[in-house]
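Novice: The structure that follows is given in the form of structure tokens.
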Amino acid sequence: MAITVENLSKVYGTQRAVDNISFEIKTGEVVGFLGPNGAGKSTTMKIITCYMSATDGSVSMDGFSVDDQPDEIKKRIGYLPENNPLYLEMPVIDYLRFCAEIQGVEKSMISSRMHEMVDKCGLESEKHKIINELSKGFRQRVGLAQAMIHEPELLVLDEPTTGLDPNQIVEIRKLIKELGKEKTVILSSHILSEVEATCDRILIINKGRIVADGTSDMLRQKATGNEVLTVTIEDEKKNWEAIGKNLLALSSVEIISNLEEGSFSVQSKPDVTSKKQIFDMCVKNGWYLTELTGVETKLEDVFRELTN
Amino acid sequence: MDKIWIIAKRELDSYFDSLIAYLMIIIFLALSGFFTWWFGNNIFIMNQASLATFFGISYWTLFFFIPAITMRTLAEENKSGTIELLSTKAVSDFQIVTGKFLGSFILICIALLCTIPYFITVAWLGPLDFGATFGGYLGLLFASAAYISIGILASSSTNNQIVAFLIALFVSLFFHLLFDILASGSSGTLSSIFNYLSARTHFESLSRGVIDSRDIIYFLSILIGGLVMASMLLSKRNWR
């Protein structure tokens with residue numbers, strides 16, 4: 001299901017939670033909303049799932065508008081809200097049946113859909129338990145199962161892995177990745193590695209605006225405009241100062257900083273590499289070059305830079 | 001209608017699973033039975049084969065019970081956040097509210113069905129006025145429906161069950177008693193307005209066996225008004 005969001009805004013009182021956001025999501029994409037807490041990720045999701053209406057702007061999916069045909073859209077969306085609210089007093093199997101019925105799954109299909117969901121989400125051993133008795137990880141699976149029971153074309157998952165232990169996180173991620181092969185998925189997170197591990201595309205949202213949009217590689221590249229190298233040079237005379245001066249004198253080097261004795265962080269000027277020049281310099285002076293590595297900018301740095 | 005029934009069924013299941021339903025039915029039968037057969041102006045002292053005493057008692061018991069039944073319907077969903085899940089499923093807000101109403105109403109119907117033995121016993125004891133009995137049950141059903149609707153409206157306005165209970169009791173109290181008192185304390189048009197607003201007037205005329213469309217319209221308008229307002233409150237997240 002393709003989604004088009006145009007100039008979306010949501011104002012709570014005097015606060016603009018979402019501020020003129022526009023983006024498009026193509027069918028089959030797995031998109032991650034990334035942003036600090038309170039950036040407007042959940043609000044955007046609530047608008048897409050027809051829970052809340054926007055103050056301004058429009059959202060449309062396959063020609064259906066959120067404002068005019070919410071019923072058509074709700075049928076096609078599976079939603080896992082933040083904190084995964086569930087009817088705690090219901091047995092898992094009854095709850096899934098209720099969700100299937102209310103989403104209009106055909107009567108003859110309900111049993112097989114439930115069976116499939118229990119299977120897919122690994123709920124077989126817990127299906128007759130009351131939801132209240134389940135651990136957080138299993139509750140999250142129930143939340144995913146209810147979201148997918150009517151075979152939605154779009155899955156909206158709001159922080160699907162919060163509060164899970166590392167093993168469960170890996171399992172849920174695997175499940176989401178699997179789902180992403182056949183469905184359009186939007187998920188939100190403030191954990192970078194999670195979005196990087198599961199999503200084809202990342203939207204970084206901060207203070208209600210989109211500050212970056214692209215694949216993780218694209219975002220990284222954008223932030224590493226200049227090459228950064230870690231250079232370590234051995235010199236028997238331990239003349240570190242001379243080495244520093246020589247490095248800075250190279251035509252391609254912009255700035256250097258001393259990391260420790262004989263080790264430097266060297267940033268090149270835009271669009272040039274200093275590797276060759278550093279090597280030649282060492283040969284010329286009789287120094288031993290023991291390390292020359294490119295520093296890959298971490299997505300964390302991109303995130304910090306964009307959201308601070 | 002299908003969706004409304006699915007929600008009503010879940011609601012009803014949760015009443016029975018949490019024992020609220022059994023507790024409510026047992027206490028209702030115990031209270032109404034005690035006053036009908038045993039205490040004060042019971043049926044033997046009246047020496048008439050009539051269920052009037054039972055209807056009078058039930059009218060009061062239900063007035064207290066209904067807010068207790070309806071208080072959790074939407075307040076709990078608001079509090080736990082399940083309302084977000086429910087309203088993003090393929091149902092409208094009005095269907096949610098009506099489903100909740102239907103669930104509570106069926107519970108009251110079940111409680112009233114349990115009093116059929118009273119009816120059989122009294123009919124066996126002497127000549128029973130079937131018209132008045134039918135009217136009495138109809139009156140109880142309509143009054144309950146109106147109070148449930150008020151209860152659901154109260155529940156939709158808050159995420160605290162106690163607050164929902166108190167609001168429902170307070171608003172119902174006007175219809176149950178206060179309008180009646182106000183009517184007798186005033187005169188002229190004002191008095192007849194208060195008199196019309198009092199549920200007691202309409203309940204009593206129904207339970208005498210007079211089935212007047214005005215009484216039915218009165219209860220139905222509270223019922224529909226309550227449900228429409230509750231679904232509006234539920235949609236308030238959409239107010240721009």
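Just so we're on the same page: first chain in the structure tokens is A, next is B, and so on; residues restart at 1 for each chain, and ligands are numbered from 1 in the order they show up.
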As a PyMOL selection string, list the residues of segment 83-216 of chain B assigned to helix (DSSP H, G or I) by DSSP on the backbone atoms of this structure.
Specialist: chain B and resi 83-87+93-113+116-125+130-156+161-185+188-197+199-207+213-216
Novice: Got a sec to pull out which chain B residues are within 8 Å of chain A, counting only C-alpha atoms, and send them as a PyMOL selection string?
Specialist: chain B and resi 3+6-7+10+14+80-82+84-85+87-92+237-240
Novice: Neighbours of segment 121-128 of chain A within 10 Å (only C-alpha atoms; same-chain residues fewer than 6 positions away dropped), as a PDB file with C-alpha atoms, in the first residue's frame?
Specialist:
```pdb
ATOM      1  CA  MET A  90      -8.958 -12.163  27.937  1.00  0.00           C
ATOM      2  CA  PRO A  91      -7.350 -15.440  26.908  1.00  0.00           C
ATOM      3  CA  VAL A  92      -4.996 -15.020  23.945  1.00  0.00           C
ATOM      4  CA  ILE A  93      -7.090 -17.138  21.613  1.00  0.00           C
ATOM      5  CA  ASP A  94     -10.351 -15.321  22.437  1.00  0.00           C
ATOM      6  CA  TYR A  95      -8.657 -11.997  21.969  1.00  0.00           C
ATOM      7  CA  LEU A  96      -7.366 -12.955  18.533  1.00  0.00           C
ATOM      8  CA  HIS A 115      -3.869 -20.694  13.569  1.00  0.00           C
ATOM      9  CA  LEU A 134       2.071 -13.498  29.820  1.00  0.00           C
ATOM     10  CA  PHE A 138       4.743 -12.742  24.622  1.00  0.00           C
ATOM     11  CA  ARG A 139       2.404  -9.803  25.042  1.00  0.00           C
ATOM     12  CA  GLN A 140       4.308  -8.056  22.296  1.00  0.00           C
ATOM     13  CA  ARG A 141       3.777 -11.081  20.087  1.00  0.00           C
ATOM     14  CA  VAL A 142       0.066 -10.998  20.855  1.00  0.00           C
ATOM     15  CA  GLY A 143       0.136  -7.327  19.869  1.00  0.00           C
ATOM     16  CA  LEU A 144       1.791  -8.202  16.577  1.00  0.00           C
ATOM     17  CA  ALA A 145      -0.594 -11.099  16.000  1.00  0.00           C
ATOM     18  CA  GLU A 171      13.349 -12.340  17.550  1.00  0.00           C
ATOM     19  CA  ILE A 172      10.841  -9.527  17.057  1.00  0.00           C
ATOM     20  CA  LEU A 175       9.716 -11.301  12.576  1.00  0.00           C
TER      21      LEU A 175
END
```
Novice: Need the shell around segment 116-131 of chain B: protein/DNA/RNA residues with any atom at most 8 Å away, counting only C-alpha atoms. Skip same-chain ones fewer than 4 positions apart. Format as a PyMOL selection string?
Specialist: chain B and resi 48-51+112+135+208-209
Novice: Just the residues within 8 Å of segment 266-277 of chain A, please, counting only C-alpha atoms, with nothing from its chain fewer than 4 positions along; format it as an mmCIF file with N, CA and C atoms, in the first residue's frame.
Specialist:
```cif
data_model
loop_
_atom_site.group_PDB
_atom_site.id
_atom_site.type_symbol
_atom_site.label_atom_id
_atom_site.label_comp_id
_atom_site.auth_asym_id
_atom_site.auth_seq_id
_atom_site.Cartn_x
_atom_site.Cartn_y
_atom_site.Cartn_z
ATOM 1 N N GLY A 225 30.941 14.095 4.653
ATOM 2 C CA GLY A 225 31.331 14.833 3.456
ATOM 3 C C GLY A 225 32.847 14.779 3.295
ATOM 4 N N ASN A 226 33.566 14.885 4.403
ATOM 5 C CA ASN A 226 35.029 14.906 4.363
ATOM 6 C C ASN A 226 35.589 13.597 4.903
ATOM 7 N N GLU A 227 36.662 13.174 4.310
ATOM 8 C CA GLU A 227 37.312 11.948 4.753
ATOM 9 C C GLU A 227 37.983 12.186 6.114
ATOM 10 N N VAL A 228 37.837 11.239 7.027
ATOM 11 C CA VAL A 228 38.529 11.334 8.314
ATOM 12 C C VAL A 228 39.391 10.075 8.470
ATOM 13 N N LEU A 229 40.655 10.270 8.763
ATOM 14 C CA LEU A 229 41.569 9.133 8.897
ATOM 15 C C LEU A 229 42.195 9.111 10.276
ATOM 16 N N THR A 230 42.462 7.900 10.735
ATOM 17 C CA THR A 230 43.286 7.772 11.935
ATOM 18 C C THR A 230 44.677 7.344 11.468
ATOM 19 N N VAL A 231 45.666 8.135 11.833
ATOM 20 C CA VAL A 231 47.028 7.876 11.356
ATOM 21 C C VAL A 231 47.938 7.655 12.557
ATOM 22 N N LEU A 250 50.474 19.159 4.531
ATOM 23 C CA LEU A 250 50.020 18.496 3.302
ATOM 24 C C LEU A 250 48.871 19.276 2.659
ATOM 25 N N SER A 252 46.301 18.394 1.027
ATOM 26 C CA SER A 252 44.925 17.878 1.083
ATOM 27 C C SER A 252 44.343 17.880 2.509
ATOM 28 N N VAL A 253 45.168 18.184 3.519
ATOM 29 C CA VAL A 253 44.697 18.075 4.908
ATOM 30 C C VAL A 253 44.089 19.380 5.396
ATOM 31 N N GLU A 254 42.937 19.270 6.026
ATOM 32 C CA GLU A 254 42.285 20.469 6.544
ATOM 33 C C GLU A 254 42.651 20.702 8.002
ATOM 34 N N ILE A 255 42.311 19.749 8.871
ATOM 35 C CA ILE A 255 42.701 19.882 10.280
ATOM 36 C C ILE A 255 43.198 18.544 10.815
ATOM 37 N N ILE A 256 44.031 18.633 11.837
ATOM 38 C CA ILE A 256 44.423 17.404 12.513
ATOM 39 C C ILE A 256 44.247 17.591 14.007
ATOM 40 N N SER A 257 44.062 16.469 14.705
ATOM 41 C CA SER A 257 44.075 16.571 16.168
ATOM 42 C C SER A 257 44.886 15.397 16.701
ATOM 43 N N MET A 281 54.787 11.123 2.539
ATOM 44 C CA MET A 281 55.454 11.941 3.556
ATOM 45 C C MET A 281 56.283 11.059 4.503
ATOM 46 N N LEU A 292 46.730 3.409 9.165
ATOM 47 C CA LEU A 292 46.109 4.406 8.305
ATOM 48 C C LEU A 292 44.704 3.890 7.981
#
```
Novice: One number please: atom CA of Ser235 of chain B to atom CA of Asp93 of chain B, in Å, one decimal.
Specialist: 6.7 Å
Novice: For Ile150 of chain B, list every protein, DNA or RNA residue within 9 Å, evaluated using only C-alpha atoms, and leave out those in the same chain fewer than 6 positions away; present the list as a PyMOL selection string.
Specialist: chain B and resi 67+70+167-169+171-172+222-223+225-227+230
Novice: Which of these residues is nearest to Arg200 of chain B, using only C-alpha atoms: B:Ile45, B:Met71, B:Phe34, B:His176?
Specialist: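 For Arg200 of chain B, the nearest of the candidates is B:His176.
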Novice: Neighbouring residues of Thr73 of chain B were defined as those with any atom within 7 Å, considering only C-alpha atoms; residues of the same chain fewer than 6 positions away were excluded. Please report them as a PyMOL selection string.
Specialist: chain B and resi 100+152+155
Novice: Using only C-alpha atoms, which of A:Ile186, A:Ile149, A:Ile204, A:Cys199 sits nearest Gly40 of chain A?
Specialist: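 Using only C-alpha atoms, Gly40 of chain A sits closest to A:Ile204.
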